[in-house]
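Peer 1: Dropping the structure in here first, questions after.
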Amino acid sequence: MIYVSQLLGQKVWDAFGREVGRLGDILVDSTDKNLPPVVAISLKDSTNNLKFVSAINIASLWPSVTLKSAQEKILAYQPNGHELHLNDRVMDQQIVDIEGKRLVRVNDIQLARSADRFLLTGVDVSGQGLLRRLGIEKIGESISKVVGKPIETKVIPWRVIASI
């Protein structure tokens with residue numbers, strides 16, 4: 001699985017290995033679907049300009065964010081206002097279970113690849129997600145081995161989350 005916290009701030013490369021910018025956010029659409037598709041990524045270029053790149057251009061998100069074409073031929077994406085910005089609107093937000101009882105915080109967001117598309121599969125509400133986000137996942141795993149208590153990942157599937 002791919003986690004958004006591992007992607008944010010990463011360099012984005014074109015098909016020829018040239019740096020295009022750094023990943024700022026991931027946009028999904030059709031959030032009413034069980035597995036909403038990634039429609040674009042936002043990135044900041046060397047002059048700190050924000051631009052949107054259509055998901056059609058994405059070759060891979062992990063282990064590096066690479067695009068399918070040369071920088072000059074990248075298809076821009078024009079947001080229409082219906083997209084959900086995962087970093088800005090989902091990460092760190094509180095969500096309630098379907099009975100309205102339990103409040104949890106989104107520590108990370110899980111994506112998966114399906115053929116040539118990337119899909120939003122769920123949100124990680126566990127301590128493991130928080131450690132991953134802080135960049136100390138390996139340290140947490142080492143401590144859990146010493147203590148003898150494994151850190152569990154708890155991902156809530158997107159299909160059971162209602163988008164507002």
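Residues in the structure tokens are numbered from 1 in each chain, the chains being A, B, ... in the order shown, and ligands are numbered from 1 in the order shown.
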Using DSSP secondary structure from the backbone, list all helix (DSSP H, G or I) positions within region 12-159 of chain A, as a PyMOL selection string.
Peer 2: chain A and resi 55-57+71-73+86-90+127-134+137-147+158-159
Peer 1: Would you tabulate, counting only C-alpha atoms, all residues of region 5-50 of chain A that have an atom at most 8 Å from an atom of region 140-159 of chain A, showing the closest pair of atoms and their distance in Å to one decimal, sorted by chain then ascending number, as JSON lines?
Peer 2:
{"residue": "A:Lys33", "atom": "CA", "partner": "A:Arg159", "partner_atom": "CA", "distance": 7.2}
{"residue": "A:Asn34", "atom": "CA", "partner": "A:Arg159", "partner_atom": "CA", "distance": 4.3}
{"residue": "A:Leu35", "atom": "CA", "partner": "A:Trp158", "partner_atom": "CA", "distance": 6.8}
Peer 1: So that I can check the secondary structure, give me every residue of region 22-164 of chain A assigned strand (DSSP E) by backbone DSSP, as an MDAnalysis selection string.
Peer 2: chainID A and resid 22:28 38:44 50:54 58:60 65:67 84:85 94:96 103:105 108:114 117:124 155:157
Peer 1: Can you list, as a PyMOL selection string, every protein, DNA or RNA residue that comes within 10 Å of Val20 (chain A) when you count only C-alpha atoms, leaving out same-chain residues fewer than 3 positions away?
Peer 2: chain A and resi 11-14+17+23+43-46+66-67+70-72+74
Peer 1: For the selection you just gave me, I'd like the residues written to a file as a CSV table (one decimal), in the first residue's frame, keeping C-alpha atoms.
Peer 2:
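Output saved as selection-v7.csv:
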chain,number,residue,atom,x,y,z
A,11,LYS,CA,10.4,15.3,-5.6
A,12,VAL,CA,8.3,14.8,-8.7
A,13,TRP,CA,10.3,13.6,-11.8
A,14,ASP,CA,9.4,13.7,-15.4
A,17,GLY,CA,14.5,12.2,-14.8
A,23,LEU,CA,4.4,17.0,-4.3
A,43,LEU,CA,3.1,20.4,-6.9
A,44,LYS,CA,5.3,23.4,-6.2
A,45,ASP,CA,8.0,24.1,-8.8
A,46,SER,CA,11.4,25.7,-8.1
A,66,THR,CA,7.4,9.9,-11.6
A,67,LEU,CA,5.5,11.1,-14.6
A,70,ALA,CA,8.6,15.1,-20.5
A,71,GLN,CA,8.1,18.2,-18.5
A,72,GLU,CA,7.0,20.2,-21.6
A,74,ILE,CA,2.7,17.3,-19.0
Peer 1: Quick one: everything within 7 Å of Ala112 (chain A), counting only C-alpha atoms, minus sequence neighbours fewer than 3 positions away in the same chain. Send it as a ChimeraX atom specification.
Peer 2: /A:1-2,118-121
Peer 1: Go ahead and write the selection's residues with C-alpha atoms as a compact mmCIF listing (two decimals), in the first residue's frame.
Peer 2:
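again.txt written:
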# COMPACT_ATOMS: atom_id res chain seq x y z
CA MET A 1 0.00 0.00 0.00
CA ILE A 2 1.00 3.59 -0.58
CA PHE A 118 -4.44 5.18 -8.22
CA LEU A 119 -7.37 4.84 -5.84
CA LEU A 120 -8.17 6.08 -2.34
CA THR A 121 -8.72 2.95 -0.25
Peer 1: Considering only C-alpha atoms, return as a list of chain:residue names whatever protein or nucleic-acid residues lie within 9 Å of Gln6 (chain A), sequence-local ones (same chain, fewer than 5 positions apart) excluded.
Peer 2: A:Trp62, A:Pro63, A:Arg132, A:Arg133, A:Gly135
Peer 1: One decimal, Å: what's the distance from CA of Leu130 (chain A) over to CA of Gly9 (chain A), could you say?
Peer 2: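 For CA of Leu130 (chain A) relative to CA of Gly9 (chain A), the distance reads 16.7 Å.
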